[in-house]
file model_6.pdb (PDB, N, CA and C atoms)
MODEL        1
ATOM      1  N   MET A   1     163.385 268.068  41.927  1.00  0.00           N
ATOM      2  CA  MET A   1     164.127 267.532  43.056  1.00  0.00           C
ATOM      3  C   MET A   1     165.247 266.643  42.522  1.00  0.00           C
ATOM      4  N   GLN A   2     166.423 266.768  43.108  1.00  0.00           N
ATOM      5  CA  GLN A   2     167.581 265.988  42.697  1.00  0.00           C
ATOM      6  C   GLN A   2     167.584 264.638  43.414  1.00  0.00           C
ATOM      7  N   THR A   3     167.958 263.586  42.693  1.00  0.00           N
ATOM      8  CA  THR A   3     168.067 262.252  43.274  1.00  0.00           C
ATOM      9  C   THR A   3     169.476 262.064  43.821  1.00  0.00           C
ATOM     10  N   ILE A   4     169.585 261.544  45.029  1.00  0.00           N
ATOM     11  CA  ILE A   4     170.874 261.254  45.649  1.00  0.00           C
ATOM     12  C   ILE A   4     170.996 259.742  45.782  1.00  0.00           C
ATOM     13  N   LYS A   5     172.075 259.188  45.237  1.00  0.00           N
ATOM     14  CA  LYS A   5     172.314 257.746  45.337  1.00  0.00           C
ATOM     15  C   LYS A   5     173.080 257.472  46.625  1.00  0.00           C
ATOM     16  N   ILE A   6     172.519 256.609  47.471  1.00  0.00           N
ATOM     17  CA  ILE A   6     173.117 256.299  48.771  1.00  0.00           C
ATOM     18  C   ILE A   6     173.362 254.801  48.873  1.00  0.00           C
ATOM     19  N   GLN A   7     174.559 254.451  49.323  1.00  0.00           N
ATOM     20  CA  GLN A   7     174.924 253.049  49.546  1.00  0.00           C
ATOM     21  C   GLN A   7     175.108 252.841  51.050  1.00  0.00           C
ATOM     22  N   LEU A   8     174.499 251.795  51.590  1.00  0.00           N
ATOM     23  CA  LEU A   8     174.665 251.446  53.003  1.00  0.00           C
ATOM     24  C   LEU A   8     175.933 250.614  53.147  1.00  0.00           C
ATOM     25  N   LEU A   9     176.837 251.025  54.027  1.00  0.00           N
ATOM     26  CA  LEU A   9     178.131 250.364  54.201  1.00  0.00           C
ATOM     27  C   LEU A   9     178.243 249.569  55.495  1.00  0.00           C
ATOM     28  N   HIS A  10     177.275 249.704  56.370  1.00  0.00           N
ATOM     29  CA  HIS A  10     177.325 249.060  57.688  1.00  0.00           C
ATOM     30  C   HIS A  10     176.008 248.324  57.908  1.00  0.00           C
ATOM     31  N   PRO A  11     176.023 247.155  58.558  1.00  0.00           N
ATOM     32  CA  PRO A  11     174.777 246.412  58.773  1.00  0.00           C
ATOM     33  C   PRO A  11     173.729 247.186  59.576  1.00  0.00           C
ATOM     34  N   ASP A  12     174.166 248.126  60.418  1.00  0.00           N
ATOM     35  CA  ASP A  12     173.222 248.918  61.208  1.00  0.00           C
ATOM     36  C   ASP A  12     172.882 250.264  60.558  1.00  0.00           C
ATOM     37  N   ALA A  13     173.395 250.513  59.364  1.00  0.00           N
ATOM     38  CA  ALA A  13     173.112 251.780  58.678  1.00  0.00           C
ATOM     39  C   ALA A  13     171.654 251.830  58.235  1.00  0.00           C
ATOM     40  N   LYS A  14     171.112 253.029  58.231  1.00  0.00           N
ATOM     41  CA  LYS A  14     169.716 253.258  57.872  1.00  0.00           C
ATOM     42  C   LYS A  14     169.663 254.409  56.870  1.00  0.00           C
ATOM     43  N   LEU A  15     168.807 254.303  55.877  1.00  0.00           N
ATOM     44  CA  LEU A  15     168.665 255.380  54.905  1.00  0.00           C
ATOM     45  C   LEU A  15     168.138 256.643  55.583  1.00  0.00           C
ATOM     46  N   PRO A  16     168.612 257.817  55.165  1.00  0.00           N
ATOM     47  CA  PRO A  16     168.072 259.065  55.706  1.00  0.00           C
ATOM     48  C   PRO A  16     166.578 259.188  55.405  1.00  0.00           C
ATOM     49  N   THR A  17     165.860 259.846  56.306  1.00  0.00           N
ATOM     50  CA  THR A  17     164.414 260.027  56.135  1.00  0.00           C
ATOM     51  C   THR A  17     164.038 261.480  56.404  1.00  0.00           C
ATOM     52  N   ARG A  18     162.849 261.846  55.947  1.00  0.00           N
ATOM     53  CA  ARG A  18     162.250 263.138  56.292  1.00  0.00           C
ATOM     54  C   ARG A  18     161.025 262.843  57.151  1.00  0.00           C
ATOM     55  N   ALA A  19     160.845 263.603  58.221  1.00  0.00           N
ATOM     56  CA  ALA A  19     159.687 263.397  59.095  1.00  0.00           C
ATOM     57  C   ALA A  19     158.395 263.801  58.399  1.00  0.00           C
ATOM     58  N   HIS A  20     158.478 264.818  57.546  1.00  0.00           N
ATOM     59  CA  HIS A  20     157.306 265.331  56.832  1.00  0.00           C
ATOM     60  C   HIS A  20     157.693 265.590  55.375  1.00  0.00           C
ATOM     61  N   PRO A  21     156.800 265.394  54.425  1.00  0.00           N
ATOM     62  CA  PRO A  21     157.130 265.604  53.006  1.00  0.00           C
ATOM     63  C   PRO A  21     157.604 267.026  52.695  1.00  0.00           C
ATOM     64  N   THR A  22     157.221 267.992  53.502  1.00  0.00           N
ATOM     65  CA  THR A  22     157.615 269.382  53.253  1.00  0.00           C
ATOM     66  C   THR A  22     158.949 269.757  53.902  1.00  0.00           C
ATOM     67  N   ASP A  23     159.580 268.840  54.637  1.00  0.00           N
ATOM     68  CA  ASP A  23     160.871 269.129  55.269  1.00  0.00           C
ATOM     69  C   ASP A  23     161.930 269.413  54.210  1.00  0.00           C
ATOM     70  N   ALA A  24     162.797 270.389  54.486  1.00  0.00           N
ATOM     71  CA  ALA A  24     163.879 270.737  53.569  1.00  0.00           C
ATOM     72  C   ALA A  24     165.079 269.817  53.748  1.00  0.00           C
ATOM     73  N   CYS A  25     165.182 269.156  54.894  1.00  0.00           N
ATOM     74  CA  CYS A  25     166.354 268.343  55.227  1.00  0.00           C
ATOM     75  C   CYS A  25     165.959 266.902  55.530  1.00  0.00           C
ATOM     76  N   TYR A  26     166.961 266.045  55.491  1.00  0.00           N
ATOM     77  CA  TYR A  26     166.786 264.643  55.859  1.00  0.00           C
ATOM     78  C   TYR A  26     167.423 264.393  57.216  1.00  0.00           C
ATOM     79  N   ASP A  27     166.870 263.466  57.977  1.00  0.00           N
ATOM     80  CA  ASP A  27     167.467 263.019  59.229  1.00  0.00           C
ATOM     81  C   ASP A  27     168.414 261.870  58.913  1.00  0.00           C
ATOM     82  N   VAL A  28     169.650 261.964  59.424  1.00  0.00           N
ATOM     83  CA  VAL A  28     170.666 260.929  59.231  1.00  0.00           C
ATOM     84  C   VAL A  28     170.887 260.265  60.583  1.00  0.00           C
ATOM     85  N   TYR A  29     171.004 258.947  60.587  1.00  0.00           N
ATOM     86  CA  TYR A  29     171.071 258.173  61.825  1.00  0.00           C
ATOM     87  C   TYR A  29     172.467 257.596  62.035  1.00  0.00           C
ATOM     88  N   ALA A  30     172.871 257.465  63.284  1.00  0.00           N
ATOM     89  CA  ALA A  30     174.169 256.897  63.626  1.00  0.00           C
ATOM     90  C   ALA A  30     174.130 255.379  63.504  1.00  0.00           C
ATOM     91  N   ALA A  31     175.151 254.819  62.855  1.00  0.00           N
ATOM     92  CA  ALA A  31     175.314 253.365  62.801  1.00  0.00           C
ATOM     93  C   ALA A  31     176.272 252.911  63.904  1.00  0.00           C
ATOM     94  N   THR A  32     177.278 253.743  64.191  1.00  0.00           N
ATOM     95  CA  THR A  32     178.225 253.457  65.271  1.00  0.00           C
ATOM     96  C   THR A  32     178.541 254.753  66.006  1.00  0.00           C
ATOM     97  N   CYS A  33     178.964 254.619  67.250  1.00  0.00           N
ATOM     98  CA  CYS A  33     179.336 255.787  68.045  1.00  0.00           C
ATOM     99  C   CYS A  33     180.429 255.383  69.026  1.00  0.00           C
ATOM    100  N   GLU A  34     181.527 256.137  69.036  1.00  0.00           N
ATOM    101  CA  GLU A  34     182.600 255.950  70.006  1.00  0.00           C
ATOM    102  C   GLU A  34     182.665 257.206  70.867  1.00  0.00           C
ATOM    103  N   LEU A  35     182.750 257.036  72.175  1.00  0.00           N
ATOM    104  CA  LEU A  35     182.816 258.172  73.090  1.00  0.00           C
ATOM    105  C   LEU A  35     184.128 258.168  73.848  1.00  0.00           C
ATOM    106  N   GLY A  36     184.685 259.347  74.030  1.00  0.00           N
ATOM    107  CA  GLY A  36     185.896 259.522  74.818  1.00  0.00           C
ATOM    108  C   GLY A  36     185.754 260.784  75.647  1.00  0.00           C
ATOM    109  N   PRO A  37     186.743 261.098  76.458  1.00  0.00           N
ATOM    110  CA  PRO A  37     186.652 262.309  77.278  1.00  0.00           C
ATOM    111  C   PRO A  37     186.682 263.565  76.397  1.00  0.00           C
ATOM    112  N   GLY A  38     185.552 264.205  76.256  1.00  0.00           N
ATOM    113  CA  GLY A  38     185.465 265.432  75.475  1.00  0.00           C
ATOM    114  C   GLY A  38     185.299 265.252  73.980  1.00  0.00           C
ATOM    115  N   TRP A  39     185.073 264.031  73.502  1.00  0.00           N
ATOM    116  CA  TRP A  39     184.890 263.822  72.066  1.00  0.00           C
ATOM    117  C   TRP A  39     183.929 262.680  71.793  1.00  0.00           C
ATOM    118  N   ALA A  40     183.403 262.667  70.602  1.00  0.00           N
ATOM    119  CA  ALA A  40     182.543 261.577  70.125  1.00  0.00           C
ATOM    120  C   ALA A  40     182.798 261.391  68.639  1.00  0.00           C
ATOM    121  N   LYS A  41     182.897 260.148  68.201  1.00  0.00           N
ATOM    122  CA  LYS A  41     183.033 259.834  66.780  1.00  0.00           C
ATOM    123  C   LYS A  41     181.776 259.070  66.377  1.00  0.00           C
ATOM    124  N   VAL A  42     180.985 259.677  65.514  1.00  0.00           N
ATOM    125  CA  VAL A  42     179.714 259.103  65.089  1.00  0.00           C
ATOM    126  C   VAL A  42     179.793 258.830  63.594  1.00  0.00           C
ATOM    127  N   ARG A  43     179.449 257.617  63.205  1.00  0.00           N
ATOM    128  CA  ARG A  43     179.467 257.245  61.787  1.00  0.00           C
ATOM    129  C   ARG A  43     178.075 256.812  61.361  1.00  0.00           C
ATOM    130  N   ALA A  44     177.675 257.287  60.200  1.00  0.00           N
ATOM    131  CA  ALA A  44     176.353 256.937  59.674  1.00  0.00           C
ATOM    132  C   ALA A  44     176.396 255.648  58.865  1.00  0.00           C
ATOM    133  N   GLY A  45     177.575 255.254  58.399  1.00  0.00           N
ATOM    134  CA  GLY A  45     177.684 254.037  57.599  1.00  0.00           C
ATOM    135  C   GLY A  45     177.102 254.193  56.206  1.00  0.00           C
ATOM    136  N   LEU A  46     177.180 255.416  55.654  1.00  0.00           N
ATOM    137  CA  LEU A  46     176.619 255.711  54.337  1.00  0.00           C
ATOM    138  C   LEU A  46     177.701 256.213  53.388  1.00  0.00           C
ATOM    139  N   ARG A  47     177.442 256.019  52.106  1.00  0.00           N
ATOM    140  CA  ARG A  47     178.252 256.637  51.060  1.00  0.00           C
ATOM    141  C   ARG A  47     177.281 257.217  50.049  1.00  0.00           C
ATOM    142  N   HIS A  48     177.577 258.405  49.540  1.00  0.00           N
ATOM    143  CA  HIS A  48     176.673 259.034  48.568  1.00  0.00           C
ATOM    144  C   HIS A  48     177.441 259.426  47.311  1.00  0.00           C
ATOM    145  N   ARG A  49     176.692 259.597  46.226  1.00  0.00           N
ATOM    146  CA  ARG A  49     177.274 259.971  44.935  1.00  0.00           C
ATOM    147  C   ARG A  49     176.466 261.108  44.325  1.00  0.00           C
ATOM    148  N   ASP A  50     177.085 261.774  43.379  1.00  0.00           N
ATOM    149  CA  ASP A  50     176.401 262.784  42.563  1.00  0.00           C
ATOM    150  C   ASP A  50     175.719 263.847  43.409  1.00  0.00           C
ATOM    151  N   THR A  51     176.462 264.472  44.312  1.00  0.00           N
ATOM    152  CA  THR A  51     175.871 265.506  45.162  1.00  0.00           C
ATOM    153  C   THR A  51     176.353 266.904  44.771  1.00  0.00           C
ATOM    154  N   ARG A  52     176.813 267.075  43.540  1.00  0.00           N
ATOM    155  CA  ARG A  52     177.224 268.409  43.098  1.00  0.00           C
ATOM    156  C   ARG A  52     176.049 269.377  43.217  1.00  0.00           C
ATOM    157  N   GLY A  53     176.318 270.554  43.759  1.00  0.00           N
ATOM    158  CA  GLY A  53     175.271 271.555  43.913  1.00  0.00           C
ATOM    159  C   GLY A  53     174.476 271.430  45.202  1.00  0.00           C
ATOM    160  N   LEU A  54     174.803 270.439  46.025  1.00  0.00           N
ATOM    161  CA  LEU A  54     174.113 270.259  47.310  1.00  0.00           C
ATOM    162  C   LEU A  54     175.083 270.535  48.453  1.00  0.00           C
ATOM    163  N   ALA A  55     174.550 270.853  49.617  1.00  0.00           N
ATOM    164  CA  ALA A  55     175.366 271.088  50.805  1.00  0.00           C
ATOM    165  C   ALA A  55     174.822 270.244  51.948  1.00  0.00           C
ATOM    166  N   GLY A  56     175.687 269.898  52.885  1.00  0.00           N
ATOM    167  CA  GLY A  56     175.263 269.136  54.056  1.00  0.00           C
ATOM    168  C   GLY A  56     175.704 269.830  55.325  1.00  0.00           C
ATOM    169  N   GLN A  57     174.976 269.593  56.386  1.00  0.00           N
ATOM    170  CA  GLN A  57     175.299 270.177  57.680  1.00  0.00           C
ATOM    171  C   GLN A  57     174.881 269.192  58.764  1.00  0.00           C
ATOM    172  N   ILE A  58     175.751 268.996  59.752  1.00  0.00           N
ATOM    173  CA  ILE A  58     175.455 268.118  60.880  1.00  0.00           C
ATOM    174  C   ILE A  58     175.195 268.999  62.098  1.00  0.00           C
ATOM    175  N   LEU A  59     174.031 268.820  62.710  1.00  0.00           N
ATOM    176  CA  LEU A  59     173.654 269.599  63.891  1.00  0.00           C
ATOM    177  C   LEU A  59     173.291 268.664  65.033  1.00  0.00           C
ATOM    178  N   PRO A  60     173.568 269.060  66.277  1.00  0.00           N
ATOM    179  CA  PRO A  60     173.145 268.225  67.406  1.00  0.00           C
ATOM    180  C   PRO A  60     171.625 268.237  67.526  1.00  0.00           C
ATOM    181  N   PRO A  61     171.058 267.197  68.131  1.00  0.00           N
ATOM    182  CA  PRO A  61     169.594 267.147  68.269  1.00  0.00           C
ATOM    183  C   PRO A  61     169.065 268.240  69.176  1.00  0.00           C
TER     184      PRO A  61
ENDMDL
END

call {"tool": "encode", "arguments": {"input": "model_6.pdb", "output": "structure tokens"}}
result
Amino acid sequence: MQTIKIQLLHPDAKLPTRAHPTDACYDVYAATCELGPGWAKVRAGLRHRDTRGLAGQILPP
């Protein structure tokens, strides 16, 4: 398993978690959210390093 270094950039930021040890993905949480007519800007407040060879995907709940 590859280690991912994550830095929290916002006071409300939370480290990603897995609900179960066998999960293939991590859950990422919103630190801030702005809503407008027909759009939303969601920020996790995270920064990561050394993710070569990995991919990410954001899906609605």

call {"tool": "residues_around", "arguments": {"input": "model_6.pdb", "residues": "Asp27 in chain A", "least_positions_apart": "4", "cutoff": "6 Å", "atoms": "all atoms listed in the file", "output": "list of chain:residue names"}}
result
A:Pro16, A:Thr17, A:Arg18

call {"tool": "resolve_selection", "arguments": {"input": "model_6.pdb", "expression": "the PyMOL selection byres (((chain A and resi 41-53 and name CA) around 9) and name CA)", "output": "NGL selection string"}}
result
:A and (2-15 or 28-36 or 39-40 or 54-55)

call {"tool": "atom_distance", "arguments": {"input": "model_6.pdb", "atom1": "atom N of Gly38 in chain A", "atom2": "CA of Cys25 in chain A"}}
result
28.8 Å

call {"tool": "atom_distance", "arguments": {"input": "model_6.pdb", "atom1": "atom N of Gln57 in chain A", "atom2": "atom C of Pro37 in chain A"}}
result
24.0 Å
